[in-house]
Amino acid sequence: MSGVSSGKFVLSILLLWFVLYIPSLGHAELKGEEGRRAMPGIQMLQTGNWLIPHIGGEPYFNKPPMTNWLVAMSVRLCGSVSEFSVRLPAAIFVLILALVLIITPTSLPLLLRFLAAILFLTCFTTIEKGRVIEIEGLLLSLTGLTCFWWLFCVIDSRSPLLSFSVPALAMSVALLMKGPVAYLPFYCLLLGVYIHTKDRKYIISWSHLFFLLFSLAALYSWYQAVDNSGMADKLARTAKQQMGGRVMPEEIDWGNWFETAILSPRIFLPWLLLLPCCWQKKYIVNIPGEHLQFYFGLRTALVIALIVHNAFPGTMTRYSMPTVPLAMLLLAWALYYNKALESADKYWSGLLTLLLYASPATAAAVAFRYGYNFISLTTLFFVVLLSIIILRGKLFRRAKTELVLLTAILIAMGVNIYTSASTLIDLDPYSRRETADAIENVIPDDKQLYICNPGYQPFVFYLDSQKYHYIAAEAILAERPEYLLIREGDYQALALEVQTGSMSYAIVLDFIYRENGRFLLLRSN
């Protein structure tokens, strides 16, 4: 491929990524596990303690701190605490992997790798996790980077040291994000390739030992720092509970385990419908002989990884998500070398063309009903422009590739329309923003709020991080905070103590937040 063509591929990836991952990224409130990833990072900025994550003033060791560090750095770079600033790292990691597929020098055709990048960006799992600050979105990108670099180097017979250098760096970050389970997809790939190549030089080598030592060094250093702080026992207990719940929970739900394992391939939607092509002879017969064993190795690795991730009773669908990059490269490999058009492709093409022309009308209807912001209108314009280029065949000329690209554009349009419309729709009756606003409206601007033993409460994220502090129950009488947010149970114990003291509190706000119970905002008299 020429340099101009390469530039067009990179530009197309940047445009598609922007359309899929940036519009309305900061609109929706934090959901799911996002608060557990974002709030420790915010507290790191407040306290300056970047070593030990905290939630609600208490150490939080359920996961290593890399995700929290990324959140803290993103907030500092963006200059403010917002949903956009804490979610941006996940979107950037997704982009990095897509660009790595394009710019990494390898003998695999550039168009094949571009197709893999498109499949990855438009996989529903990538879109879902790349628009929230959860570990899975970051981890699947790091897994893809680790596996792709190693595989491309092995395909081109590069030195083992070069093959393991970049994976060592990426894996060290992944281990500080998820722990040792981050190794699983990579070693499934090593095993799959070895089964079909019987080449041990990339497995039994000093470079492989370097990879292990380097990748473990960062995690071990963090553990040693925690040990020096006197919290190693708490970290060890939490890690044991986390691994125990995954490998062997107290009660095995056989039905849920079976259902999760059977339905785990849904993480590859919408491209799951095409994935069986990877096992059909007509899709792989044209793969060059020097690449065929690596194709089979990747296919075997995907199967092994899915089996391993679902082999434990405590498994969840999200545990298999790091296999998404492997599946997308495998599918791109099969589709690229299938030159024959089938009857089903004609129906696929006709449906896509119809939907492609219908999408702008749908977008216009949404704009008329709900309104559009400037970013949404701009991104929609570029999506329509890109679709016109592809329909005219000026950029891509392979029929199979065009069908995939048209599908990707439709997905981008759908996501753009959905995110634009959803900015005016809020179905959550327990608004975190409204709860935080109600608290801040009671407290004068020049006063500080102290929060006692809140546990994990996502509404705290929406409080002004410069105006609140955490306080232990036993320190209340000594520090005498003027404004205090406390649980009802802790308030009852506090009321007994202050009756004999020289201070008293009046309730200025009383609210119930979700299932977490009743909270009281107190003001000292």
# chains A, B, ... in the order shown; residues from 1 in each chain; ligands from 1
call {"tool": "select_by_dssp", "arguments": {"residues": "segment 50-167 of chain A", "states": "alpha helix (DSSP H)", "output": "number ranges by chain"}}
result
A: 66-78, 83-103, 110-122, 124-130, 135-155, 160-167
call {"tool": "closest_atom_pairs", "arguments": {"of": "segment 131-168 of chain A", "to": "segment 284-306 of chain A", "cutoff": "9 Å", "atoms": "only C-alpha atoms", "output": "tab-separated table"}}
result
residue	atom	partner	partner_atom	distance
A:Leu151	CA	A:Phe294	CA	8.0
A:Val154	CA	A:Phe294	CA	8.7
A:Ile155	CA	A:His291	CA	7.0
call {"tool": "closest_residue", "arguments": {"among": "A:Leu169, A:Leu97, A:Ile439, A:Leu189", "to": "Thr126 of chain A", "atoms": "only C-alpha atoms"}}
result
A:Leu97
call {"tool": "closest_residue", "arguments": {"among": "A:Asp490, A:Asp510, A:Glu251, A:Glu482", "to": "Ala438 of chain A", "atoms": "only C-alpha atoms"}}
result
A:Asp510
call {"tool": "closest_residue", "arguments": {"among": "A:Arg158, A:Tyr21, A:Val460, A:Ile252", "to": "Pro105 of chain A", "atoms": "only C-alpha atoms"}}
result
A:Arg158
call {"tool": "residues_around", "arguments": {"residues": "Leu213 of chain A", "least_positions_apart": "4", "cutoff": "12 Å", "atoms": "only C-alpha atoms", "output": "ChimeraX atom specification"}}
result
/A:164-165,168-169,171-172,206-209,217-221
call {"tool": "write_last_selection", "arguments": {"atoms": "all heavy atoms", "output": "JSON list (two decimals), in the first residue's frame"}}
result
[["chain", "number", "residue", "atom", "x", "y", "z"],
["A", 164, "PHE", "N", 8.63, -9.83, 22.32],
["A", 164, "PHE", "CA", 8.14, -9.76, 23.69],
["A", 164, "PHE", "C", 8.29, -8.39, 24.33],
["A", 164, "PHE", "O", 7.80, -8.17, 25.44],
["A", 164, "PHE", "CB", 8.87, -10.79, 24.57],
["A", 164, "PHE", "CG", 8.38, -12.19, 24.40],
["A", 164, "PHE", "CD1", 9.12, -13.12, 23.68],
["A", 164, "PHE", "CD2", 7.18, -12.59, 24.96],
["A", 164, "PHE", "CE1", 8.67, -14.43, 23.53],
["A", 164, "PHE", "CE2", 6.72, -13.89, 24.81],
["A", 164, "PHE", "CZ", 7.46, -14.81, 24.09],
["A", 165, "SER", "N", 8.96, -7.44, 23.66],
["A", 165, "SER", "CA", 9.24, -6.15, 24.30],
["A", 165, "SER", "C", 7.98, -5.32, 24.52],
["A", 165, "SER", "O", 7.66, -4.93, 25.66],
["A", 165, "SER", "CB", 10.24, -5.37, 23.44],
["A", 165, "SER", "OG", 9.73, -5.18, 22.12],
["A", 168, "ALA", "N", 5.50, -6.91, 26.87],
["A", 168, "ALA", "CA", 5.90, -6.80, 28.28],
["A", 168, "ALA", "C", 5.42, -5.49, 28.89],
["A", 168, "ALA", "O", 4.91, -5.47, 30.02],
["A", 168, "ALA", "CB", 7.43, -6.90, 28.39],
["A", 169, "LEU", "N", 5.54, -4.41, 28.14],
["A", 169, "LEU", "CA", 5.08, -3.11, 28.64],
["A", 169, "LEU", "C", 3.56, -3.08, 28.77],
["A", 169, "LEU", "O", 3.02, -2.65, 29.80],
["A", 169, "LEU", "CB", 5.56, -2.01, 27.69],
["A", 169, "LEU", "CG", 5.15, -0.58, 28.05],
["A", 169, "LEU", "CD1", 5.71, -0.19, 29.41],
["A", 169, "LEU", "CD2", 5.61, 0.40, 26.98],
["A", 171, "MET", "N", 1.52, -5.61, 29.05],
["A", 171, "MET", "CA", 1.05, -6.54, 30.08],
["A", 171, "MET", "C", 1.30, -6.00, 31.48],
["A", 171, "MET", "O", 0.51, -6.26, 32.40],
["A", 171, "MET", "CB", 1.73, -7.89, 29.90],
["A", 171, "MET", "CG", 1.19, -8.99, 30.82],
["A", 171, "MET", "SD", -0.59, -9.28, 30.63],
["A", 171, "MET", "CE", -0.64, -10.01, 29.00],
["A", 172, "SER", "N", 2.37, -5.25, 31.67],
["A", 172, "SER", "CA", 2.62, -4.67, 33.00],
["A", 172, "SER", "C", 1.50, -3.71, 33.38],
["A", 172, "SER", "O", 1.09, -3.65, 34.55],
["A", 172, "SER", "CB", 3.97, -3.96, 33.02],
["A", 172, "SER", "OG", 3.97, -2.83, 32.15],
["A", 206, "TRP", "N", 14.99, -16.73, 26.52],
["A", 206, "TRP", "CA", 15.29, -15.72, 27.52],
["A", 206, "TRP", "C", 14.37, -14.51, 27.38],
["A", 206, "TRP", "O", 14.05, -13.84, 28.35],
["A", 206, "TRP", "CB", 16.76, -15.28, 27.39],
["A", 206, "TRP", "CG", 17.73, -16.32, 27.84],
["A", 206, "TRP", "CD1", 18.55, -17.08, 27.05],
["A", 206, "TRP", "CD2", 17.97, -16.74, 29.19],
["A", 206, "TRP", "NE1", 19.30, -17.94, 27.82],
["A", 206, "TRP", "CE2", 18.96, -17.75, 29.14],
["A", 206, "TRP", "CE3", 17.44, -16.37, 30.42],
["A", 206, "TRP", "CZ2", 19.43, -18.39, 30.28],
["A", 206, "TRP", "CZ3", 17.92, -17.00, 31.56],
["A", 206, "TRP", "CH2", 18.90, -17.99, 31.50],
["A", 207, "SER", "N", 13.94, -14.25, 26.15],
["A", 207, "SER", "CA", 13.04, -13.13, 25.91],
["A", 207, "SER", "C", 11.69, -13.35, 26.59],
["A", 207, "SER", "O", 11.08, -12.40, 27.10],
["A", 207, "SER", "CB", 12.85, -12.92, 24.41],
["A", 207, "SER", "OG", 14.07, -12.64, 23.78],
["A", 208, "HIS", "N", 11.23, -14.59, 26.59],
["A", 208, "HIS", "CA", 9.98, -14.90, 27.28],
["A", 208, "HIS", "C", 10.14, -14.70, 28.79],
["A", 208, "HIS", "O", 9.25, -14.17, 29.46],
["A", 208, "HIS", "CB", 9.57, -16.34, 26.98],
["A", 208, "HIS", "CG", 8.21, -16.69, 27.45],
["A", 208, "HIS", "ND1", 7.66, -17.95, 27.33],
["A", 208, "HIS", "CD2", 7.25, -15.96, 28.08],
["A", 208, "HIS", "CE1", 6.45, -17.96, 27.83],
["A", 208, "HIS", "NE2", 6.19, -16.76, 28.30],
["A", 209, "LEU", "N", 11.29, -15.10, 29.32],
["A", 209, "LEU", "CA", 11.56, -14.88, 30.74],
["A", 209, "LEU", "C", 11.60, -13.39, 31.04],
["A", 209, "LEU", "O", 11.07, -12.94, 32.06],
["A", 209, "LEU", "CB", 12.88, -15.54, 31.12],
["A", 209, "LEU", "CG", 13.31, -15.38, 32.59],
["A", 209, "LEU", "CD1", 12.28, -16.00, 33.53],
["A", 209, "LEU", "CD2", 14.69, -16.00, 32.81],
["A", 217, "ALA", "N", 7.03, -7.05, 37.38],
["A", 217, "ALA", "CA", 7.79, -6.14, 38.25],
["A", 217, "ALA", "C", 6.92, -5.00, 38.77],
["A", 217, "ALA", "O", 7.00, -4.65, 39.96],
["A", 217, "ALA", "CB", 8.99, -5.59, 37.48],
["A", 218, "ALA", "N", 6.10, -4.41, 37.90],
["A", 218, "ALA", "CA", 5.29, -3.27, 38.34],
["A", 218, "ALA", "C", 4.26, -3.70, 39.38],
["A", 218, "ALA", "O", 4.07, -3.01, 40.40],
["A", 218, "ALA", "CB", 4.59, -2.64, 37.13],
["A", 219, "LEU", "N", 3.59, -4.84, 39.14],
["A", 219, "LEU", "CA", 2.61, -5.32, 40.11],
["A", 219, "LEU", "C", 3.27, -5.66, 41.43],
["A", 219, "LEU", "O", 2.75, -5.34, 42.51],
["A", 219, "LEU", "CB", 1.88, -6.54, 39.54],
["A", 219, "LEU", "CG", 0.76, -7.12, 40.41],
["A", 219, "LEU", "CD1", -0.37, -6.12, 40.61],
["A", 219, "LEU", "CD2", 0.22, -8.42, 39.79],
["A", 220, "TYR", "N", 4.43, -6.29, 41.37],
["A", 220, "TYR", "CA", 5.14, -6.66, 42.59],
["A", 220, "TYR", "C", 5.60, -5.41, 43.35],
["A", 220, "TYR", "O", 5.53, -5.36, 44.58],
["A", 220, "TYR", "CB", 6.35, -7.54, 42.26],
["A", 220, "TYR", "CG", 7.16, -7.94, 43.47],
["A", 220, "TYR", "CD1", 6.69, -8.90, 44.36],
["A", 220, "TYR", "CD2", 8.38, -7.34, 43.73],
["A", 220, "TYR", "CE1", 7.43, -9.25, 45.48],
["A", 220, "TYR", "CE2", 9.14, -7.69, 44.83],
["A", 220, "TYR", "CZ", 8.65, -8.64, 45.71],
["A", 220, "TYR", "OH", 9.40, -8.99, 46.81],
["A", 221, "SER", "N", 6.06, -4.39, 42.60],
["A", 221, "SER", "CA", 6.51, -3.16, 43.25],
["A", 221, "SER", "C", 5.35, -2.49, 43.99],
["A", 221, "SER", "O", 5.53, -1.97, 45.10],
["A", 221, "SER", "CB", 7.09, -2.20, 42.21],
["A", 221, "SER", "OG", 8.21, -2.79, 41.58]]
call {"tool": "closest_residue", "arguments": {"among": "A:Leu235, A:Leu484, A:Val166, A:Met321", "to": "Thr146 of chain A", "atoms": "only C-alpha atoms"}}
result
A:Val166
call {"tool": "atom_distance", "arguments": {"atom1": "atom CA of Ile486 of chain A", "atom2": "atom CA of Lys31 of chain A"}}
result
22.9 Å
call {"tool": "atom_distance", "arguments": {"atom1": "atom CA of Leu351 of chain A", "atom2": "atom CA of Leu329 of chain A"}}
result
25.0 Å
call {"tool": "residues_around", "arguments": {"residues": "segment 15-19 of chain A", "least_positions_apart": "2", "cutoff": "7 Å", "atoms": "only C-alpha atoms", "output": "list of chain:residue names"}}
result
A:Leu11, A:Ser12, A:Ile13, A:Tyr21, A:Ile22, A:Pro23, A:Leu95, A:Leu121, A:Thr379, A:Ala412, A:Asn416
call {"tool": "closest_residue", "arguments": {"among": "A:Gly56, A:Val415, A:Tyr183, A:Pro270", "to": "Leu485 of chain A", "atoms": "only C-alpha atoms"}}
result
A:Gly56
call {"tool": "closest_residue", "arguments": {"among": "A:Phe268, A:Pro313, A:Leu138, A:Ser215", "to": "Trp254 of chain A", "atoms": "only C-alpha atoms"}}
result
A:Pro313
call {"tool": "residues_around", "arguments": {"residues": "Glu58 of chain A", "least_positions_apart": "5", "cutoff": "10 Å", "atoms": "only C-alpha atoms", "output": "MDAnalysis selection string"}}
result
chainID A and resid 40 52:53 453:456 470 472
call {"tool": "residues_around", "arguments": {"residues": "Leu139 of chain A", "least_positions_apart": "2", "cutoff": "12 Å", "atoms": "only C-alpha atoms", "output": "count of residues only"}}
result
46
